[in-house]
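Participant: Just dropping this structure here.
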Amino acid sequence: MKLSVYYLLALILFTNCTPNGYLASPPECKPSSQFAQIEDSQGNQYQKIALNELKNTTPEDYYYFFKTFIEEGEQVYMMTNFRNEKNCFDVKMLVNNWEKLEGMRKTNGKSYPKQLVNLTWTIDQNGENEQVVFVDMNTIID
């Protein structure tokens, strides 16, 4: 009986301490027609559609998968696949906070797992344009 109580407590603690998405299987990537018609996922047209898609959602609504880093002048972006049951699209996300991504940046993600867990982002104004900005994440898993 005592062992069962300890087992139950351990199970509750493990369940409450694991990040969202850690144990769940992510959905398949099924891009909607608005994304499937555009070949260049880094282009302005594609990214504007992605930004509009994100405006009515929260970071908790998606699973995230690293694709690559892109340097444009002094700014570095992380191309990330955003995925849920309804949609799948790539987002060019500005990275200013390198605390958890520096190792990945050095190798451009090679030998790192692809799934980014509990990733958070904001939509910030950059002059006349809006952009998605990386805030934080828990960890990276296979």
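Here's how to read the names in the structure tokens: chain A, B, ... by the order shown, residue numbers from 1 in each chain, ligand numbers from 1 in the order shown.
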Where does stretch 78-101 of chain A meet stretch 51-73 of chain A within 9 Å, residue by residue, with the nearest atom pair and distance in Å to one decimal for each, counting only C-alpha atoms, listed by chain and rising number, as JSON lines?
Facilitator:
```
{"residue": "A:Met78", "atom": "CA", "partner": "A:Phe69", "partner_atom": "CA", "distance": 4.5}
{"residue": "A:Met79", "atom": "CA", "partner": "A:Thr68", "partner_atom": "CA", "distance": 5.3}
{"residue": "A:Thr80", "atom": "CA", "partner": "A:Phe66", "partner_atom": "CA", "distance": 4.7}
{"residue": "A:Asn81", "atom": "CA", "partner": "A:Phe65", "partner_atom": "CA", "distance": 4.9}
{"residue": "A:Phe82", "atom": "CA", "partner": "A:Tyr64", "partner_atom": "CA", "distance": 5.0}
{"residue": "A:Arg83", "atom": "CA", "partner": "A:Tyr63", "partner_atom": "CA", "distance": 5.1}
{"residue": "A:Asn84", "atom": "CA", "partner": "A:Tyr62", "partner_atom": "CA", "distance": 5.1}
{"residue": "A:Glu85", "atom": "CA", "partner": "A:Tyr62", "partner_atom": "CA", "distance": 8.7}
{"residue": "A:Asp90", "atom": "CA", "partner": "A:Lys67", "partner_atom": "CA", "distance": 8.5}
{"residue": "A:Val91", "atom": "CA", "partner": "A:Leu51", "partner_atom": "CA", "distance": 8.0}
{"residue": "A:Lys92", "atom": "CA", "partner": "A:Ile70", "partner_atom": "CA", "distance": 8.4}
```
Participant: For the strand (DSSP E) assignment from backbone DSSP, which residues of stretch 27-133 of chain A qualify? Please present them as a ChimeraX atom specification.
Facilitator: /A:63-72,75-83,88-94,115-117,120-126,129-133
Participant: Would you export the selected residues with N, CA and C atoms as a compact mmCIF listing (two decimals), in the first residue's frame, please?
Facilitator:
```txt
# COMPACT_ATOMS: atom_id res chain seq x y z
N TYR A 63 3.00 23.22 -31.91
CA TYR A 63 4.23 22.47 -31.73
C TYR A 63 5.25 23.18 -32.61
N TYR A 64 6.53 23.10 -32.23
CA TYR A 64 7.57 23.84 -32.94
C TYR A 64 8.71 22.93 -33.36
N PHE A 65 9.20 23.15 -34.58
CA PHE A 65 10.30 22.34 -35.11
C PHE A 65 11.32 23.25 -35.77
N PHE A 66 12.55 23.15 -35.31
CA PHE A 66 13.65 23.96 -35.85
C PHE A 66 13.95 23.56 -37.29
N LYS A 67 14.20 24.57 -38.13
CA LYS A 67 14.59 24.32 -39.51
C LYS A 67 16.02 24.81 -39.78
N THR A 68 16.28 26.11 -39.55
CA THR A 68 17.61 26.66 -39.79
C THR A 68 17.70 28.07 -39.22
N PHE A 69 18.92 28.59 -39.14
CA PHE A 69 19.13 29.99 -38.79
C PHE A 69 19.44 30.75 -40.07
N ILE A 70 19.00 31.99 -40.13
CA ILE A 70 19.23 32.85 -41.29
C ILE A 70 19.81 34.16 -40.79
N GLU A 71 20.92 34.57 -41.35
CA GLU A 71 21.52 35.86 -41.00
C GLU A 71 21.18 36.86 -42.09
N GLU A 72 20.65 38.00 -41.66
CA GLU A 72 20.35 39.10 -42.57
C GLU A 72 20.94 40.36 -41.96
N GLN A 75 20.99 41.03 -38.03
CA GLN A 75 19.92 40.28 -37.37
C GLN A 75 20.00 38.80 -37.74
N VAL A 76 19.66 37.96 -36.76
CA VAL A 76 19.62 36.52 -36.99
C VAL A 76 18.20 36.03 -36.72
N TYR A 77 17.70 35.23 -37.65
CA TYR A 77 16.36 34.68 -37.55
C TYR A 77 16.45 33.16 -37.42
N MET A 78 15.46 32.59 -36.76
CA MET A 78 15.35 31.14 -36.67
C MET A 78 14.11 30.74 -37.46
N MET A 79 14.32 30.00 -38.55
CA MET A 79 13.19 29.46 -39.30
C MET A 79 12.64 28.29 -38.49
N THR A 80 11.39 28.38 -38.16
CA THR A 80 10.75 27.40 -37.30
C THR A 80 9.42 26.97 -37.90
N ASN A 81 9.17 25.67 -37.91
CA ASN A 81 7.91 25.16 -38.38
C ASN A 81 6.92 25.20 -37.22
N PHE A 82 5.80 25.89 -37.41
CA PHE A 82 4.71 25.97 -36.44
C PHE A 82 3.66 24.98 -36.92
N ARG A 83 3.17 24.16 -36.01
CA ARG A 83 2.27 23.09 -36.42
C ARG A 83 1.20 22.84 -35.35
N CYS A 88 0.01 24.10 -40.73
CA CYS A 88 1.44 23.88 -40.62
C CYS A 88 2.12 24.91 -41.53
N PHE A 89 3.01 25.71 -40.95
CA PHE A 89 3.68 26.74 -41.74
C PHE A 89 5.00 27.12 -41.07
N ASP A 90 5.87 27.75 -41.84
CA ASP A 90 7.18 28.16 -41.34
C ASP A 90 7.17 29.64 -41.00
N VAL A 91 7.85 29.97 -39.90
CA VAL A 91 7.91 31.35 -39.45
C VAL A 91 9.37 31.77 -39.31
N LYS A 92 9.67 32.92 -39.84
CA LYS A 92 10.99 33.53 -39.71
C LYS A 92 10.96 34.38 -38.43
N MET A 93 11.57 33.86 -37.37
CA MET A 93 11.46 34.44 -36.04
C MET A 93 12.77 35.13 -35.65
N LEU A 94 12.71 36.42 -35.35
CA LEU A 94 13.89 37.16 -34.93
C LEU A 94 14.36 36.65 -33.57
N GLN A 115 12.61 19.20 -32.27
CA GLN A 115 11.42 19.76 -31.62
C GLN A 115 11.81 20.73 -30.52
N LEU A 116 11.18 21.90 -30.54
CA LEU A 116 11.40 22.95 -29.55
C LEU A 116 10.18 22.95 -28.62
N VAL A 117 10.40 22.74 -27.35
CA VAL A 117 9.29 22.56 -26.41
C VAL A 117 9.00 23.85 -25.65
N THR A 120 8.11 30.22 -26.69
CA THR A 120 7.25 31.39 -26.59
C THR A 120 7.77 32.47 -27.52
N TRP A 121 6.87 33.27 -28.02
CA TRP A 121 7.18 34.31 -28.98
C TRP A 121 6.21 35.47 -28.79
N THR A 122 6.56 36.59 -29.34
CA THR A 122 5.67 37.75 -29.37
C THR A 122 5.65 38.30 -30.79
N ILE A 123 4.68 39.12 -31.06
CA ILE A 123 4.65 39.87 -32.31
C ILE A 123 4.97 41.30 -31.95
N ASP A 124 6.11 41.79 -32.45
CA ASP A 124 6.57 43.14 -32.14
C ASP A 124 6.55 44.03 -33.37
N GLN A 125 6.42 45.31 -33.13
CA GLN A 125 6.47 46.30 -34.21
C GLN A 125 7.93 46.62 -34.51
N ASN A 126 8.30 46.58 -35.79
CA ASN A 126 9.65 46.92 -36.24
C ASN A 126 9.50 47.98 -37.32
N ASN A 129 6.66 47.64 -39.94
CA ASN A 129 6.33 46.20 -40.06
C ASN A 129 6.24 45.53 -38.70
N GLU A 130 5.51 44.43 -38.69
CA GLU A 130 5.45 43.57 -37.51
C GLU A 130 6.30 42.34 -37.78
N GLN A 131 6.84 41.75 -36.70
CA GLN A 131 7.62 40.53 -36.85
C GLN A 131 7.46 39.66 -35.62
N VAL A 132 7.69 38.37 -35.82
CA VAL A 132 7.62 37.41 -34.73
C VAL A 132 9.00 37.38 -34.08
N VAL A 133 9.02 37.47 -32.75
CA VAL A 133 10.28 37.53 -32.00
C VAL A 133 10.32 36.39 -30.98
```
Participant: Would you mind telling me which residue in A:Tyr112, A:Tyr46, A:Phe35, A:Trp98 lies nearest to A:Met137 when using only C-alpha atoms?
Facilitator: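 Once distances to A:Met137 are computed over only C-alpha atoms, the minimum belongs to A:Trp98.
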Participant: One decimal, Å: what's the distance from atom CA of A:Asp136 over to atom CA of A:Asn97, could you say?
Facilitator: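 One can read the atom CA of A:Asp136 to atom CA of A:Asn97 distance as 7.7 Å.
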Participant: What is the distance, in Å and to one decimal place, between atom CA of A:Pro27 and atom CA of A:Ile49?
Facilitator: 20.8 Å
Participant: Rounded to one decimal, what separation in Å do you get between atom CA of A:Asn138 and atom CA of A:Leu119?
Facilitator: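 Pair atom CA of A:Asn138 / atom CA of A:Leu119 returns 6.8 Å.
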Participant: Identify, with DSSP run on backbone atoms, the residues in stretch 24-117 of chain A assigned to helix (DSSP H, G or I), and express the list as an MDAnalysis selection string.
Facilitator: chainID A and resid 33:36 44:54 59:61 102:107
Participant: Write a file of the selected residues as a PDB file, in the first residue's frame, keeping C-alpha atoms.
Facilitator:
```
ATOM      1  CA  SER A  33      -3.869  25.935 -49.294  1.00  0.00           C
ATOM      2  CA  GLN A  34      -2.802  29.516 -48.593  1.00  0.00           C
ATOM      3  CA  PHE A  35       0.678  28.272 -47.590  1.00  0.00           C
ATOM      4  CA  ALA A  36       0.932  25.365 -50.026  1.00  0.00           C
ATOM      5  CA  ASN A  44       7.455  38.518 -47.551  1.00  0.00           C
ATOM      6  CA  GLN A  45       4.118  37.244 -48.910  1.00  0.00           C
ATOM      7  CA  TYR A  46       4.382  33.906 -47.063  1.00  0.00           C
ATOM      8  CA  GLN A  47       5.563  35.562 -43.834  1.00  0.00           C
ATOM      9  CA  LYS A  48       2.700  38.110 -43.900  1.00  0.00           C
ATOM     10  CA  ILE A  49       0.196  35.254 -44.150  1.00  0.00           C
ATOM     11  CA  ALA A  50       1.957  33.451 -41.283  1.00  0.00           C
ATOM     12  CA  LEU A  51       1.921  36.605 -39.157  1.00  0.00           C
ATOM     13  CA  ASN A  52      -1.816  37.049 -39.744  1.00  0.00           C
ATOM     14  CA  GLU A  53      -2.356  33.403 -38.777  1.00  0.00           C
ATOM     15  CA  LEU A  54      -0.505  33.977 -35.487  1.00  0.00           C
ATOM     16  CA  PRO A  59       2.323  30.119 -28.314  1.00  0.00           C
ATOM     17  CA  GLU A  60       0.575  27.229 -26.528  1.00  0.00           C
ATOM     18  CA  ASP A  61      -1.461  26.529 -29.676  1.00  0.00           C
ATOM     19  CA  GLU A 102      23.735  29.616 -28.663  1.00  0.00           C
ATOM     20  CA  GLY A 103      24.866  25.984 -29.017  1.00  0.00           C
ATOM     21  CA  MET A 104      22.357  25.381 -31.789  1.00  0.00           C
ATOM     22  CA  ARG A 105      23.455  28.548 -33.556  1.00  0.00           C
ATOM     23  CA  LYS A 106      27.101  27.435 -33.632  1.00  0.00           C
ATOM     24  CA  THR A 107      26.182  24.227 -35.503  1.00  0.00           C
TER      25      THR A 107
END
```
